[in-house]
Structures are given as structure tokens and as C-alpha cells.
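Have a look at model_32.txt; it's compact mmCIF, C-alpha atoms:
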```txt
# COMPACT_ATOMS: atom_id res chain seq x y z
CA MET A 1 -90.08 72.64 173.82
CA TYR A 2 -89.89 68.90 173.57
CA LYS A 3 -87.30 66.56 172.16
CA ILE A 4 -87.27 63.27 170.35
CA GLY A 5 -85.24 60.35 171.63
CA VAL A 6 -84.30 57.00 170.20
CA MET A 7 -83.44 53.97 172.24
CA GLY A 8 -82.13 50.84 170.63
CA ASP A 9 -79.17 48.82 169.53
CA THR A 10 -76.11 50.77 168.53
CA ASP A 11 -76.43 50.16 164.79
CA THR A 12 -80.01 51.31 164.48
CA VAL A 13 -79.53 54.27 166.74
CA LEU A 14 -76.65 55.62 164.70
CA ALA A 15 -78.93 56.15 161.71
CA PHE A 16 -81.09 58.46 163.80
CA LYS A 17 -78.14 60.38 165.06
CA ALA A 18 -77.58 61.66 161.55
CA LEU A 19 -80.93 63.42 161.76
CA GLY A 20 -80.07 65.25 164.94
CA ILE A 21 -82.20 63.09 167.19
CA ASP A 22 -80.87 62.30 170.64
CA THR A 23 -79.81 58.69 170.78
CA PHE A 24 -79.52 56.26 173.64
CA PRO A 25 -77.72 53.12 172.54
CA VAL A 26 -78.49 50.09 174.66
CA LYS A 27 -75.69 47.61 175.12
CA GLU A 28 -76.08 44.01 176.13
CA ASP A 29 -75.45 44.51 179.84
CA ASP A 30 -77.34 47.80 180.21
CA ASP A 31 -80.57 47.98 182.11
CA PRO A 32 -83.08 49.27 179.54
CA ASP A 33 -85.80 49.68 182.16
CA ARG A 34 -83.83 52.22 184.10
CA MET A 35 -82.65 53.90 180.91
CA LEU A 36 -86.21 54.44 179.77
CA MET A 37 -87.18 55.84 183.15
CA ASP A 38 -84.28 58.28 183.01
CA ILE A 39 -85.18 59.36 179.49
CA VAL A 40 -88.81 59.90 180.37
CA LYS A 41 -87.84 62.25 183.19
CA LYS A 42 -86.25 64.63 180.70
CA ASP A 43 -88.36 66.51 178.19
CA TYR A 44 -88.87 63.83 175.62
CA ALA A 45 -92.30 63.81 174.03
CA VAL A 46 -91.58 61.04 171.56
CA ILE A 47 -89.36 58.09 172.30
CA PHE A 48 -88.70 55.53 169.63
CA VAL A 49 -87.71 52.14 170.95
CA THR A 50 -86.54 49.33 168.74
CA GLU A 51 -88.56 46.16 168.94
CA ASN A 52 -85.78 43.96 170.25
CA ILE A 53 -85.26 46.31 173.21
CA ALA A 54 -88.98 46.86 173.73
CA GLU A 55 -89.42 43.15 174.18
CA ARG A 56 -87.30 43.33 177.30
CA ILE A 57 -89.17 46.24 178.89
CA ASP A 58 -92.72 45.54 177.85
CA ASP A 59 -94.20 46.33 181.27
CA THR A 60 -92.49 49.68 181.63
CA ILE A 61 -93.72 50.73 178.22
CA LYS A 62 -97.29 49.73 178.98
CA GLU A 63 -97.17 51.90 182.08
CA PHE A 64 -96.83 54.97 179.90
CA SER A 65 -99.57 54.09 177.48
CA ALA A 66 -102.24 55.72 179.63
CA LYS A 67 -100.36 58.99 180.06
CA PRO A 68 -100.63 61.77 177.49
CA LEU A 69 -96.85 62.10 177.24
CA PRO A 70 -94.42 60.66 176.32
CA SER A 71 -95.47 58.73 173.28
CA ILE A 72 -93.38 55.60 173.17
CA ILE A 73 -93.33 54.11 169.71
CA LEU A 74 -91.88 50.78 168.71
CA ILE A 75 -89.85 50.74 165.55
CA PRO A 76 -88.20 47.88 163.71
CA ASN A 77 -84.44 47.66 163.87
CA ASN A 78 -82.23 47.01 160.90
CA GLN A 79 -82.99 43.31 160.91
CA GLY A 80 -86.55 44.02 159.85
CA SER A 81 -89.89 44.20 161.61
CA ARG A 82 -90.95 41.47 163.98
CA GLY A 83 -94.54 42.59 164.23
CA ILE A 84 -94.39 43.65 167.87
CA GLY A 85 -95.48 47.18 167.02
CA ILE A 86 -98.64 45.90 165.39
CA THR A 87 -99.26 43.65 168.39
CA SER A 88 -99.36 46.63 170.71
CA LEU A 89 -101.95 48.25 168.47
CA LYS A 90 -103.94 45.05 168.58
CA TYR A 91 -103.74 45.18 172.34
CA SER A 92 -105.33 48.65 172.43
CA VAL A 93 -108.14 47.46 170.17
CA GLU A 94 -108.82 44.51 172.41
CA LYS A 95 -108.78 46.75 175.44
CA ALA A 96 -111.25 49.18 173.92
CA ILE A 97 -113.67 46.96 172.08
CA GLY A 98 -113.25 43.74 174.01
CA THR A 99 -112.49 41.73 170.94
CA ASP A 100 -110.09 42.17 168.10
CA ILE A 101 -112.39 43.12 165.24
CA ILE A 102 -109.92 44.83 163.00
CA PHE A 103 -107.10 42.37 162.69
CA ARG A 104 -109.20 39.26 162.70
CA LYS A 105 -111.11 40.47 159.66
CA GLU A 106 -107.83 40.87 157.86
CA GLY A 107 -106.86 37.32 158.72
CA GLU A 108 -110.03 35.89 157.25
CA THR A 109 -109.81 37.65 153.94
CA SER A 110 -106.18 36.84 153.31
CA MET B 1 -130.56 44.38 194.83
CA PRO B 2 -132.25 46.89 197.11
CA GLN B 3 -131.07 46.86 200.69
CA GLN B 4 -134.57 46.90 202.07
CA GLY B 5 -133.62 46.65 205.72
CA SER B 6 -132.19 50.13 205.88
CA LEU B 7 -134.89 51.78 203.76
CA ARG B 8 -137.33 54.14 205.30
CA ALA B 9 -140.62 53.87 203.53
CA THR B 10 -141.58 57.50 203.38
CA ARG B 11 -142.69 59.81 200.62
CA MET B 12 -139.56 61.89 201.15
CA GLU B 13 -137.34 58.90 200.45
CA LEU B 14 -139.43 57.96 197.45
CA MET B 15 -139.03 61.41 195.95
CA GLN B 16 -135.31 61.34 196.52
CA PHE B 17 -134.95 57.97 194.86
CA LYS B 18 -137.01 59.08 191.91
CA ALA B 19 -134.76 62.10 191.44
CA ARG B 20 -131.67 59.91 191.63
CA LEU B 21 -133.10 57.46 189.13
CA LYS B 22 -133.74 60.31 186.73
CA THR B 23 -130.16 61.55 187.05
CA ALA B 24 -128.75 58.06 186.68
CA THR B 25 -130.79 57.38 183.55
CA ARG B 26 -129.73 60.65 182.01
CA GLY B 27 -126.09 60.02 182.89
CA HIS B 28 -126.32 56.56 181.43
CA LYS B 29 -127.67 57.88 178.17
CA LEU B 30 -124.99 60.54 177.93
CA LEU B 31 -122.18 58.12 178.72
CA LYS B 32 -123.52 55.63 176.23
CA ASP B 33 -123.50 58.32 173.56
CA LYS B 34 -119.97 59.27 174.53
CA GLN B 35 -118.90 55.65 174.30
CA ASP B 36 -120.41 55.29 170.85
CA GLY B 37 -118.69 58.45 169.70
CA LEU B 38 -115.37 57.35 171.14
CA ILE B 39 -115.57 53.96 169.52
CA ARG B 40 -116.42 55.44 166.16
CA SER B 41 -113.42 57.79 166.16
CA PHE B 42 -111.25 55.07 167.66
CA LEU B 43 -112.00 52.64 164.86
CA ASP B 44 -111.19 55.24 162.23
CA LEU B 45 -107.93 56.05 163.95
CA VAL B 46 -106.93 52.44 164.39
CA LYS B 47 -107.41 51.76 160.71
CA LYS B 48 -105.27 54.77 159.89
CA ASN B 49 -102.76 53.74 162.50
CA ARG B 50 -102.36 50.27 161.04
CA GLU B 51 -101.88 51.52 157.51
CA LEU B 52 -99.39 54.12 158.65
CA ARG B 53 -97.46 51.66 160.76
CA GLU B 54 -97.12 49.17 157.96
CA GLU B 55 -95.97 51.91 155.63
CA VAL B 56 -93.51 53.36 158.12
CA GLU B 57 -92.12 49.99 159.04
CA THR B 58 -91.31 49.00 155.49
CA GLU B 59 -89.81 52.40 154.75
CA LEU B 60 -87.81 52.49 157.92
CA VAL B 61 -86.43 49.01 157.43
CA LYS B 62 -85.40 50.00 153.95
CA ALA B 63 -83.74 53.15 155.24
CA LEU B 64 -81.94 51.26 157.98
CA LYS B 65 -80.74 48.68 155.50
CA ASN B 66 -79.38 51.49 153.34
CA PHE B 67 -77.60 52.78 156.35
CA LEU B 68 -76.16 49.39 157.07
CA MET B 69 -74.82 49.26 153.54
CA ALA B 70 -73.30 52.67 153.96
CA ARG B 71 -71.59 51.53 157.11
CA ALA B 72 -70.30 48.46 155.42
CA VAL B 73 -68.32 50.43 152.87
CA MET B 74 -66.83 52.82 155.38
CA SER B 75 -64.75 52.33 158.46
CA PRO B 76 -66.54 52.72 161.80
CA GLU B 77 -64.25 55.55 162.84
CA VAL B 78 -65.09 57.63 159.82
CA ILE B 79 -68.79 57.04 160.31
CA GLU B 80 -68.56 57.99 163.94
CA GLU B 81 -66.62 61.08 163.08
CA SER B 82 -69.03 62.14 160.37
CA LEU B 83 -72.09 61.84 162.51
CA ILE B 84 -70.82 62.92 165.89
CA TYR B 85 -72.02 66.45 165.39
CA PRO B 86 -75.41 66.52 163.69
CA ALA B 87 -76.07 69.24 161.12
CA ARG B 88 -79.57 69.92 162.21
CA SER B 89 -81.26 69.92 165.49
CA ILE B 90 -84.80 68.75 165.74
CA ASP B 91 -87.36 70.08 168.11
CA ILE B 92 -90.96 69.18 168.27
CA LYS B 93 -93.92 71.15 169.43
CA VAL B 94 -96.65 69.37 171.30
CA THR B 95 -100.09 70.86 171.57
CA THR B 96 -103.18 69.08 172.72
CA ARG B 97 -106.31 68.33 170.81
CA ASN B 98 -109.61 67.29 172.26
CA ILE B 99 -111.42 64.21 170.96
CA MET B 100 -114.63 63.56 172.89
CA SER B 101 -113.16 65.12 176.04
CA VAL B 102 -109.94 63.14 175.79
CA ASN B 103 -106.87 65.31 175.51
CA VAL B 104 -104.55 63.87 172.92
CA PRO B 105 -101.19 65.26 171.88
CA LYS B 106 -100.62 66.82 168.51
CA ILE B 107 -97.02 66.71 167.48
CA THR B 108 -95.52 69.09 164.99
CA LEU B 109 -91.98 69.03 163.79
CA LYS B 110 -89.91 72.14 164.18
CA GLU B 111 -86.84 71.81 162.12
CA GLU B 112 -84.21 74.46 162.29
CA GLU B 113 -81.67 74.97 159.56
CA LYS B 114 -82.78 73.76 156.21
CA SER B 115 -79.41 72.85 154.87
CA ASN B 116 -78.70 69.69 152.94
CA GLY B 117 -78.74 67.98 156.30
CA LEU B 118 -75.30 66.49 156.07
CA SER B 119 -72.94 67.01 158.91
CA TYR B 120 -69.75 66.14 157.10
CA GLY B 121 -67.67 66.97 154.12
CA LEU B 122 -68.06 64.87 151.04
CA ALA B 123 -64.44 63.82 150.67
CA THR B 124 -64.11 60.96 153.10
CA THR B 125 -67.62 59.62 153.09
CA SER B 126 -69.45 57.47 150.64
CA ALA B 127 -72.46 58.40 148.55
CA GLU B 128 -74.41 55.60 150.19
CA LEU B 129 -74.29 57.43 153.48
CA ASP B 130 -75.69 60.60 151.89
CA ASP B 131 -78.55 58.65 150.40
CA ALA B 132 -79.24 56.76 153.58
CA ILE B 133 -79.47 59.96 155.58
CA LYS B 134 -81.71 61.55 153.00
CA VAL B 135 -84.09 58.60 153.12
CA MET B 136 -84.09 58.65 156.92
CA GLY B 137 -85.00 62.34 156.80
CA GLU B 138 -87.96 61.52 154.61
CA VAL B 139 -89.21 58.85 156.97
CA LEU B 140 -89.02 61.07 160.04
CA PRO B 141 -92.20 63.15 159.53
CA LYS B 142 -94.13 59.93 159.03
CA LEU B 143 -92.61 58.49 162.17
CA LEU B 144 -93.80 61.48 164.13
CA GLU B 145 -97.26 61.22 162.63
CA LEU B 146 -97.26 57.60 163.69
CA ALA B 147 -96.22 58.61 167.19
CA GLU B 148 -99.13 61.01 167.37
CA ILE B 149 -101.74 58.59 166.06
CA GLU B 150 -100.51 55.67 168.10
CA LYS B 151 -100.61 57.69 171.29
CA THR B 152 -104.09 58.91 170.42
CA CYS B 153 -105.22 55.33 169.93
CA GLN B 154 -103.80 54.28 173.27
CA LEU B 155 -105.44 57.16 175.11
CA LEU B 156 -108.77 56.58 173.41
CA ALA B 157 -108.62 52.88 174.21
CA ASP B 158 -108.07 53.76 177.82
CA GLU B 159 -110.94 56.21 177.89
CA ILE B 160 -113.27 53.77 176.15
CA GLU B 161 -112.50 51.16 178.75
CA LYS B 162 -113.24 53.59 181.56
CA THR B 163 -116.44 54.80 179.96
CA ARG B 164 -117.60 51.26 179.36
CA ARG B 165 -117.14 50.48 183.02
CA ARG B 166 -119.17 53.49 184.03
CA VAL B 167 -121.94 52.67 181.59
CA ASN B 168 -122.09 49.11 182.84
CA ALA B 169 -122.07 50.16 186.47
CA LEU B 170 -125.01 52.46 185.84
CA GLU B 171 -126.89 50.03 183.65
CA TYR B 172 -126.49 46.87 185.67
CA VAL B 173 -126.06 48.09 189.24
CA MET B 174 -127.20 51.63 189.95
CA ILE B 175 -130.38 51.78 187.89
CA PRO B 176 -131.78 48.34 188.87
CA GLN B 177 -131.01 49.11 192.50
CA LEU B 178 -132.82 52.43 192.41
CA LYS B 179 -135.77 50.90 190.60
CA GLY B 180 -135.95 48.15 193.18
CA ASN B 181 -135.93 50.65 196.02
CA ILE B 182 -138.66 52.73 194.44
CA ARG B 183 -140.80 49.66 193.90
CA PHE B 184 -140.28 48.60 197.50
CA ILE B 185 -141.26 51.97 198.92
CA ASN B 186 -144.27 52.22 196.65
CA MET B 187 -145.51 48.86 197.79
CA LYS B 188 -144.89 49.65 201.41
CA LEU B 189 -146.82 52.89 201.12
CA GLU B 190 -149.74 51.16 199.46
CA GLU B 191 -149.68 48.55 202.17
CA ASN B 192 -149.84 51.27 204.81
CA GLU B 193 -152.73 52.84 202.95
CA ARG B 194 -154.65 49.57 202.96
CA ALA B 195 -153.90 48.97 206.62
CA ASN B 196 -155.22 52.41 207.37
CA THR B 197 -158.44 51.82 205.46
CA ALA B 198 -158.97 48.54 207.19
CA ARG B 199 -158.44 50.17 210.55
CA LEU B 200 -160.92 52.94 209.78
CA MET B 201 -163.54 50.40 208.74
CA LYS B 202 -163.00 48.52 211.94
CA VAL B 203 -163.32 51.70 214.01
CA LYS B 204 -166.53 52.63 212.16
CA GLU B 205 -167.96 49.19 212.95
CA ILE B 206 -167.17 49.56 216.65
CA ILE B 207 -168.76 53.02 216.81
CA ALA B 208 -171.89 51.76 215.00
CA LYS B 209 -172.54 49.07 217.57
```

What would you get if you wrote out this structure as C-alpha cells?
Amino acid sequence: MYKIGVMGDTDTVLAFKALGIDTFPVKEDDDPDRMLMDIVKKDYAVIFVTENIAERIDDTIKEFSAKPLPSIILIPNNQGSRGIGITSLKYSVEKAIGTDIIFRKEGETS
Amino acid sequence: MPQQGSLRATRMELMQFKARLKTATRGHKLLKDKQDGLIRSFLDLVKKNRELREEVETELVKALKNFLMARAVMSPEVIEESLIYPARSIDIKVTTRNIMSVNVPKITLKEEEKSNGLSYGLATTSAELDDAIKVMGEVLPKLLELAEIEKTCQLLADEIEKTRRRVNALEYVMIPQLKGNIRFINMKLEENERANTARLMKVKEIIAK
């Protein structure tokens, strides 16, 4: 049986706590890299990370993208989305196809 | 390029190379088909992924804003106290699905206790908090779906990259090399044949004298 975890700033994380999801608030002087590593070692299949934290641990997150589990998903925090989640999707497209065919098309039409 | 120095120009070798070329060509065709299939399903998934992400992001931001409002009208202690013991526990089940020989996770939500989902009494808390939690609960299944699709996309992207490398290695290195070797051995054998004929003619001439 797997669990869901949320990692992020204290405000955002609290909203998830209400749903019964395990929360890992990250404070200013915490080391999010190590926190993520610790979380991954337990049975978490899905880990939501807020974008502002994800920015700081980009490399660690990319390490897990090739493994079947856990699925690390970027979510916006309560200040709104900064588009980093979409960027990571764009990165997979570029990796697979070689060029970004999906998002560029969107840019031309709009 | 064929390493012609180390080649033995024999029929045995030639046969072996021909067999290897056949295997390589077949493998190349299969991998190419796999790559095409992977890319097709990948593109579909990415489109779905983008739509879902945009949807989830707007909804989640809205839900989090609601939550922020709810916090604003209540004291932090009360909030903390209300949420410290969640009313439901959430477990997820992960099974794997196979897309073109890539194992991708399939995540299903297993929610115990279908109560109203509130972990506190109604007396000390505000209605905003109730609403905010309700909205969050509605976003959660979509979040999990996003988690599943996004992971699938990442894994497929990885596999596509690997497959592309293999296809290219076969197409631009292995197959030309094998073809070159075969050509070299063929020519060498023909050369030997001609040398032999020439020698026989010479011998015949000498005997005739």
C-alpha cells in the first residue's frame, strides 16, 4: 500500500493536511534535497512538491523522472502557478522528440 | 567503416556476416516500429497531460486561495487544532500498465471512511474552511490522475530516447559496417577466383609447350 506526500511551504501544505495526506512543510533553513530523499525512501508513490521548493531541488527531482516510482509532481503554491510544472513537461517532449512541437505550435497560434 | 585488416576473407565469414546483417535489419525495423508507436502514444498523452495540468493548476490555486481566506478569518491555533487529526486517511493503490513494453504506474485512490471529511466540530471554525476543504477534496482525484499521466509521459520520453539511440546505432553504424564487410569479402573472393583462373591458364600454357 502506498501513500501520498506533500512537500512545500507551510501554508500550502496545511491545506493538504485537511485531506489526510502526509505533509512535509519546508522551512527556510531546511535542506529540501535531503528531505525529498528521506521521503522517497518511505512508501510514497506520489509526492507533490510546490513549485517554489522544486526550483531549489531541480536536479534531485530529475533523477527520479526515469524511475517508475515515485511520481514527483509539481504543484503551484497559494501564490499562483509560475509555469514550472509545464516547463518540466516541455522538457520531456524535447527529450523524446528532439524538438518542442507541442508548445511551440501553441505559441504561434496565440 | 569495415575494419578490413582483421577480416578473414572466407566463405564462412561471409555467411556469418550475412546472417548478422539480416538480424540487424530485422531488429532495426522492429525498433523503428516500436519508436513510431511510442511517439504516437506519447504525443496523445502529452496533449492530455497539458490540458489536465492547466485545469488542475487553476483549480488548485483557487482552492488554495480559498484556504488562505479561511485561515485569514480564523486564528492559527484554531486552524492547527482543527486539522491536526485528519478525518480521513488516504491510501493509494499502484498497479502497473504496459504501454509498448514500458511499465507505467496506474494510480487508484483508496479512500476509507466516506464521512463529510471534516475533522472538527462546526462551532469554532468558519464556513470558509469547510468550503475550502471540500474544494480541495474535489481537486485531489484530478491531482492523482495528473500524477499518473505525468509519470507516464516521463517514462515514455525516456524510453523513446533510448529506442532512438538504438535505432540510430543500427541504422548508421551496425548496418553500414556489416554491408561494408560483406562487400569487402565478396570482392576478395572474386579476386581470388580470378587469380586462380589466371594461374590455371598459365599452367596450361606451360604444359602445352

- Task: Do a neighbour search on segment 31-45 of chain B at 12 Å with all atoms listed in the file, toss out local chain neighbours closer than 4 positions, and write the hits as an MDAnalysis selection string.
- Result: (chainID A and resid 89:90 92:98 100:103) or (chainID B and resid 24:27 49:53 98:102 145:146 148:171)

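Compared by their closest atoms to chain B, and using only C-alpha atoms, the residues A:Arg56, A:Lys17, A:Arg34, A:Lys41 rank with A:Lys17 nearest.
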
- Query: Got a sec to pull out which chain A residues are within 10 Å of chain B, counting all atoms listed in the file, and send them as a ChimeraX atom specification?
  - Reply: /A:1-4,11-22,44-48,62,64-83,85-86,88-98,101-103

- Item | Minimum-distance residue to Thr23 of chain B, chosen among B:Met174, B:Arg97, B:Lys204, B:Arg8 (using all atoms listed in the file) | B:Met174

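Between atom CA of Val49 of chain A and atom CA of Gly8 of chain A lies a distance of 5.7 Å.
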
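With all atoms listed in the file as the atoms that count, the minimum distance from His28 of chain B to the choices B:Tyr172, B:Glu190, B:Met12, B:Lys202 is reached by B:Tyr172.
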
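Atom pair atom CA of Ile39 of chain A / atom CA of Val135 of chain B: separated by 26.4 Å.
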
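Using only C-alpha atoms for every distance, the candidate list B:Met187, B:Ile182, B:Ala127, B:Ala208 yields B:Ile182 as the residue closest to Met15 of chain B.
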
- Note on the structure: Between atom CA of Glu28 of chain A and atom CA of Asn52 of chain A lies a distance of 11.3 Å

For a quick check of your reading of the model, name the residues lying within 8 Å of the coordinate (-145.9, 57.7, 199.7), counting only C-alpha atoms, and write them as a short mmCIF file (atom, residue, chain, number, x, y, z; two decimals) with C-alpha atoms, in the coordinates of the input.
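What follows is the written file point.cif:
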```
data_model
loop_
_atom_site.label_atom_id
_atom_site.label_comp_id
_atom_site.auth_asym_id
_atom_site.auth_seq_id
_atom_site.Cartn_x
_atom_site.Cartn_y
_atom_site.Cartn_z
CA ALA B 9 -140.62 53.87 203.53
CA THR B 10 -141.58 57.50 203.38
CA ARG B 11 -142.69 59.81 200.62
CA MET B 12 -139.56 61.89 201.15
CA LEU B 14 -139.43 57.96 197.45
CA ILE B 185 -141.26 51.97 198.92
CA ASN B 186 -144.27 52.22 196.65
CA LEU B 189 -146.82 52.89 201.12
CA GLU B 190 -149.74 51.16 199.46
#
```

- Query: Which residue, A:Thr23, A:Thr10, A:Thr87, A:Thr60, has the smallest gap to Met37 of chain A when you use all atoms listed in the file?
  - Reply: A:Thr60

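Each of A:Thr99, A:Lys42, A:Asp9, A:Ile84 was compared to Asp30 of chain A using all atoms listed in the file, and A:Asp9 turns out to be the nearest.
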